[in-house]
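K.L.:
This is the content of coords-v4.cif (mmCIF, C-alpha atoms):
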```
data_entry
loop_
_atom_site.label_atom_id
_atom_site.label_comp_id
_atom_site.auth_asym_id
_atom_site.auth_seq_id
_atom_site.Cartn_x
_atom_site.Cartn_y
_atom_site.Cartn_z
CA MET M 186 0.00 0.00 0.00
CA LEU M 187 1.28 3.45 -0.92
CA SER M 188 1.15 6.26 1.60
CA HIS M 189 -0.89 9.34 0.70
CA LEU M 190 2.35 11.24 -0.04
CA GLU M 191 3.51 8.46 -2.36
CA VAL M 192 0.16 8.60 -4.18
CA LEU M 193 0.45 12.37 -4.61
CA GLU M 194 4.05 12.05 -5.77
CA SER M 195 3.13 9.35 -8.29
CA GLU M 196 0.30 11.49 -9.67
CA ALA M 197 2.55 14.55 -10.02
CA VAL M 198 5.30 12.55 -11.74
CA HIS M 199 2.74 11.11 -14.16
CA ILE M 200 1.51 14.64 -14.99
CA LEU M 201 5.04 15.94 -15.54
CA ARG M 202 5.85 13.06 -17.88
CA GLU M 203 2.59 13.61 -19.78
CA VAL M 204 3.59 17.24 -20.32
CA ALA M 205 7.00 16.24 -21.64
CA GLY M 206 5.35 13.74 -24.00
CA GLU M 207 2.49 15.91 -25.27
CA PHE M 208 4.00 19.37 -25.69
CA GLU M 209 6.82 20.78 -27.78
CA ARG M 210 7.94 23.72 -25.60
CA PRO M 211 6.87 23.35 -21.96
CA VAL M 212 8.28 25.56 -19.21
CA LEU M 213 8.17 25.35 -15.41
CA LEU M 214 7.30 28.49 -13.43
CA PHE M 215 9.84 28.89 -10.63
CA SER M 216 9.70 31.62 -7.99
CA GLY M 217 11.75 30.03 -5.21
CA GLY M 218 8.61 29.58 -3.11
CA LYS M 219 7.92 26.25 -1.45
CA ASP M 220 5.38 25.04 -4.04
CA SER M 221 7.63 25.77 -7.03
CA VAL M 222 10.59 24.20 -5.21
CA VAL M 223 8.56 21.03 -4.60
CA MET M 224 7.42 21.02 -8.24
CA LEU M 225 11.03 21.31 -9.43
CA HIS M 226 12.08 18.51 -7.08
CA LEU M 227 9.34 16.29 -8.51
CA ALA M 228 10.34 17.18 -12.07
CA LEU M 229 14.00 16.32 -11.44
CA LYS M 230 12.87 13.04 -9.87
CA ALA M 231 10.49 12.28 -12.77
CA PHE M 232 13.22 12.41 -15.41
CA ALA M 233 16.33 11.30 -13.51
CA PRO M 234 18.99 10.44 -14.48
CA ALA M 235 18.25 12.42 -17.66
CA PRO M 236 18.41 16.23 -17.53
CA LEU M 237 15.22 18.20 -17.09
CA PRO M 238 13.57 18.35 -20.56
CA PHE M 239 12.25 21.90 -20.16
CA ALA M 240 13.40 25.29 -18.93
CA LEU M 241 12.43 27.36 -15.89
CA LEU M 242 10.64 30.71 -16.08
CA HIS M 243 10.80 33.23 -13.23
CA VAL M 244 8.47 36.22 -13.37
CA ASP M 245 10.55 38.61 -11.28
CA THR M 246 8.53 41.35 -9.57
CA GLY M 247 11.66 43.27 -8.62
CA HIS M 248 10.66 42.92 -4.97
CA ASN M 249 12.21 39.50 -4.42
CA PHE M 250 14.41 38.93 -1.39
CA PRO M 251 18.12 38.48 -2.24
CA GLU M 252 18.08 35.11 -0.43
CA VAL M 253 15.37 33.84 -2.80
CA LEU M 254 17.23 34.97 -5.92
CA ALA M 255 20.46 33.42 -4.61
CA PHE M 256 18.61 30.15 -3.95
CA ARG M 257 17.15 30.22 -7.48
CA ASP M 258 20.57 30.74 -9.02
CA ARG M 259 22.11 27.95 -6.92
CA MET M 260 19.44 25.51 -8.12
CA VAL M 261 20.00 26.50 -11.74
CA GLU M 262 23.77 25.99 -11.41
CA GLU M 263 23.59 22.79 -9.38
CA PHE M 264 21.27 20.98 -11.79
CA GLY M 265 22.41 22.60 -15.04
CA LEU M 266 19.00 24.15 -15.72
CA ARG M 267 17.96 26.71 -18.31
CA LEU M 268 16.40 29.83 -16.82
CA HIS M 269 14.31 32.58 -18.43
CA VAL M 270 13.48 35.72 -16.43
CA ALA M 271 10.52 37.99 -17.19
CA SER M 272 11.09 41.26 -15.34
CA VAL M 273 8.23 43.43 -14.11
CA GLN M 274 10.72 46.25 -13.50
CA GLU M 275 11.73 46.27 -17.18
CA PHE M 276 8.10 46.72 -18.22
CA ILE M 277 7.72 49.59 -15.73
CA ASP M 278 10.93 51.22 -16.99
CA ARG M 279 9.63 51.04 -20.58
CA GLY M 280 6.30 52.57 -19.56
CA GLU M 281 4.34 49.44 -20.43
CA LEU M 282 3.23 48.97 -16.82
CA ARG M 283 2.55 51.42 -14.02
CA GLU M 284 3.12 51.01 -10.30
CA ARG M 285 -0.04 50.38 -8.30
CA PRO M 286 -1.06 52.83 -5.56
CA ASP M 287 -0.71 50.08 -2.95
CA GLY M 288 2.84 49.28 -4.10
CA THR M 289 2.20 45.57 -4.69
CA ARG M 290 3.52 44.11 -7.91
CA ASN M 291 2.00 40.62 -7.87
CA PRO M 292 -0.96 41.69 -10.08
CA LEU M 293 1.55 43.16 -12.56
CA GLN M 294 3.09 39.78 -13.33
CA THR M 295 0.47 38.81 -15.93
CA VAL M 296 1.78 41.02 -18.76
CA PRO M 297 5.45 39.93 -18.49
CA LEU M 298 4.33 36.31 -18.17
CA LEU M 299 2.19 36.40 -21.32
CA GLU M 300 4.91 38.26 -23.21
CA ALA M 301 7.45 35.58 -22.27
CA ILE M 302 5.05 32.79 -23.24
CA GLY M 303 4.50 34.38 -26.65
CA ARG M 304 8.14 35.28 -27.30
CA HIS M 305 9.46 31.81 -26.43
CA ARG M 306 6.41 30.02 -27.90
CA PHE M 307 5.80 28.04 -24.71
CA ASP M 308 2.80 25.76 -25.22
CA ALA M 309 2.58 24.39 -21.67
CA VAL M 310 3.27 26.33 -18.48
CA LEU M 311 3.70 24.28 -15.31
CA GLY M 312 2.54 26.09 -12.17
CA GLY M 313 2.49 25.23 -8.48
CA GLY M 314 -1.19 26.08 -7.86
CA ARG M 315 -3.14 23.84 -5.49
CA ARG M 316 -6.90 23.33 -5.30
CA ASP M 317 -6.97 23.96 -1.55
CA GLU M 318 -5.69 27.54 -1.94
CA GLU M 319 -8.95 29.22 -2.97
CA LYS M 320 -12.34 28.55 -4.60
CA ALA M 321 -11.16 29.62 -8.07
CA ARG M 322 -8.32 27.11 -7.91
CA ALA M 323 -10.69 24.35 -6.85
CA LYS M 324 -12.59 24.64 -10.17
CA GLU M 325 -9.50 24.41 -12.34
CA ARG M 326 -8.45 21.21 -14.10
CA VAL M 327 -4.92 19.80 -14.02
CA PHE M 328 -4.58 20.71 -17.73
CA SER M 329 -6.19 24.15 -17.95
CA LEU M 330 -6.56 25.61 -21.44
CA ARG M 331 -5.76 29.32 -21.96
CA ASP M 332 -6.71 31.34 -25.03
CA ALA M 333 -4.34 33.56 -27.03
CA PHE M 334 -4.84 36.35 -24.45
CA GLY M 335 -4.19 34.09 -21.46
CA GLY M 336 -7.90 33.91 -20.62
CA TRP M 337 -9.52 30.94 -18.90
CA ASP M 338 -12.96 29.78 -20.08
CA PRO M 339 -14.52 27.09 -17.83
CA ARG M 340 -16.73 25.94 -20.72
CA ARG M 341 -13.67 24.89 -22.72
CA GLN M 342 -12.10 22.70 -20.06
CA ARG M 343 -11.86 18.99 -20.83
CA PRO M 344 -12.85 16.05 -18.63
CA GLU M 345 -9.93 14.29 -16.91
CA LEU M 346 -11.27 10.82 -16.22
CA TRP M 347 -8.82 8.06 -15.23
CA GLN M 348 -5.91 10.56 -15.28
CA LEU M 349 -6.25 11.07 -19.04
CA TYR M 350 -5.12 14.57 -19.93
CA ASN M 351 -5.89 16.34 -23.20
CA GLY M 352 -3.26 18.90 -24.19
CA ARG M 353 -4.79 19.80 -27.56
CA HIS M 354 -4.69 23.54 -28.27
CA ALA M 355 -4.81 25.92 -31.22
CA PRO M 356 -1.85 28.06 -32.36
CA GLY M 357 -1.39 30.96 -29.96
CA GLU M 358 -3.11 29.14 -27.11
CA HIS M 359 -1.30 27.41 -24.28
CA VAL M 360 -2.12 25.06 -21.42
CA ARG M 361 -1.47 25.77 -17.75
CA VAL M 362 -0.61 22.56 -15.93
CA PHE M 363 -0.83 22.08 -12.15
CA PRO M 364 0.97 18.91 -10.94
CA LEU M 365 0.34 19.83 -7.29
CA SER M 366 -3.43 20.26 -7.74
CA ASN M 367 -4.35 17.61 -5.18
CA PHE M 368 -1.69 18.50 -2.61
CA THR M 369 -2.78 20.48 0.44
CA GLU M 370 -0.39 22.87 2.15
CA LEU M 371 0.09 20.29 4.89
CA ASP M 372 0.98 17.70 2.23
CA VAL M 373 3.57 20.10 0.77
CA TRP M 374 5.26 20.60 4.13
CA GLN M 375 5.15 16.88 4.92
CA TYR M 376 6.64 16.08 1.52
CA ILE M 377 9.40 18.67 2.05
CA ALA M 378 10.23 17.01 5.37
CA ARG M 379 10.13 13.48 3.94
CA GLU M 380 12.34 14.31 0.96
CA GLY M 381 14.69 16.66 2.81
CA ILE M 382 14.04 19.43 0.27
CA GLY M 383 15.98 22.65 0.80
CA LEU M 384 14.18 26.01 0.83
CA PRO M 385 15.33 29.64 0.92
CA SER M 386 16.50 30.45 4.45
CA LEU M 387 13.76 33.08 4.83
CA TYR M 388 11.19 30.30 5.25
CA TYR M 389 12.73 29.51 8.62
CA ALA M 390 13.46 33.08 9.73
CA HIS M 391 10.07 33.83 11.33
CA GLU M 392 7.35 31.94 13.14
CA ARG M 393 4.07 31.58 11.25
CA GLU M 394 0.59 31.47 12.77
CA VAL M 395 -1.04 28.04 12.76
CA PHE M 396 -4.78 27.42 12.44
CA ALA M 397 -7.07 24.36 12.33
CA ARG M 398 -9.09 23.21 9.31
CA ASP M 399 -11.17 20.03 9.32
CA GLY M 400 -9.32 18.74 12.33
CA MET M 401 -5.84 19.27 10.81
CA TRP M 402 -3.34 21.92 11.85
CA LEU M 403 -2.10 24.04 8.97
CA THR M 404 0.00 27.12 8.38
CA PRO M 405 -1.64 29.89 6.33
CA GLY M 406 -0.51 30.02 2.68
#
```
Kindly return the structure encoded in the file as structure tokens.

P.N.:
Amino acid sequence: MLSHLEVLESEAVHILREVAGEFERPVLLFSGGKDSVVMLHLALKAFAPAPLPFALLHVDTGHNFPEVLAFRDRMVEEFGLRLHVASVQEFIDRGELRERPDGTRNPLQTVPLLEAIGRHRFDAVLGGGRRDEEKARAKERVFSLRDAFGGWDPRRQRPELWQLYNGRHAPGEHVRVFPLSNFTELDVWQYIAREGIGLPSLYYAHEREVFARDGMWLTPG
């Protein structure tokens, strides 16, 4: 009998291998956060001892901590990975984006992301989204079709019975893929502990509030 973490790992590895088999130019979104680190760990495990068959893409807000960027660069060097960076700051400097009144740049990532997808002709974009994060995530399929403008139409999503994933898309469209869809945050932390996965040191610099959900103790995402 497999443990629940082994089942989740097996599912994620299957999804990653399906992406490599179905798409011509997939890319893995990597921010240095715990979910993207786990996704990269799973991808390296899925294709070992061969090199990772796709590149990484970091949408850099310009507000990243130096420790996170240093961790990203260490991972790239250690595993011989290819890295693309889409810079929010460059779009602001060119006048193509404007700073928000509240100072946050997370909502500004969409334009650089879509520009990078179009410029590099990425047809599958692997993200670390999980269904337990919010209601919108819970409705999304593992293979989530996006139109030429990056839009998501629930009516165009395909059934995913028996772990059969349909990556068909028209020119200009791409598919967002979420290998960690069925992980919870608790699963992510337990998997990090089981696998001994390293994280940026900032994750351990401060205590985080813990709360209960359905009888399980979790840390807020």

K.L.:
Can you translate the PyMOL selection byres ((chain M and resi 296-301) around 7) into the concrete residues it hits in this file, as a short mmCIF file (atom, residue, chain, number, x, y, z; two decimals) with C-alpha atoms, keeping the file's coordinate frame?

P.N.:
```
data_model
loop_
_atom_site.label_atom_id
_atom_site.label_comp_id
_atom_site.auth_asym_id
_atom_site.auth_seq_id
_atom_site.Cartn_x
_atom_site.Cartn_y
_atom_site.Cartn_z
CA VAL M 244 8.47 36.22 -13.37
CA ALA M 271 10.52 37.99 -17.19
CA SER M 272 11.09 41.26 -15.34
CA VAL M 273 8.23 43.43 -14.11
CA LEU M 293 1.55 43.16 -12.56
CA GLN M 294 3.09 39.78 -13.33
CA THR M 295 0.47 38.81 -15.93
CA ILE M 302 5.05 32.79 -23.24
CA GLY M 303 4.50 34.38 -26.65
CA ARG M 304 8.14 35.28 -27.30
CA HIS M 305 9.46 31.81 -26.43
CA GLY M 335 -4.19 34.09 -21.46
#
```

K.L.:
Which residues would end up in the selection if the PyMOL selection byres ((chain M and resi 204) around 12) were applied here, given that I need the answer as a VMD selection string?

P.N.:
chain M and resid 197 to 203 205 to 213 228 231 to 232 238 to 239 307 to 311 327 to 328 349 to 353 359 to 364

K.L.:
Taking only C-alpha atoms into account, produce a table as CSV in which each residue of range 227-297 of chain M with an atom at most 9 Å from an atom of range 368-391 of chain M appears once, together with its shortest atom pair and the distance in Å to one decimal, ordered by chain and rising number.

P.N.:
```
residue,atom,partner,partner_atom,distance
M:Phe250,CA,M:Leu387,CA,8.6
M:Glu252,CA,M:Pro385,CA,6.3
M:Val253,CA,M:Pro385,CA,5.6
M:Leu254,CA,M:Pro385,CA,8.9
M:Ala255,CA,M:Pro385,CA,8.4
M:Phe256,CA,M:Pro385,CA,5.9
M:Arg257,CA,M:Pro385,CA,8.6
```

K.L.:
To one decimal place, how far is CA of Phe264 in chain M from CA of Asn367 in chain M in Å?

P.N.:
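If I compute the distance from CA of Phe264 in chain M to CA of Asn367 in chain M, I get 26.7 Å.
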
K.L.:
Between CA of Ser221 in chain M and CA of Pro236 in chain M, what distance in Å does the model show, to one decimal?

P.N.:
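Distance between the two atoms: 17.8 Å.
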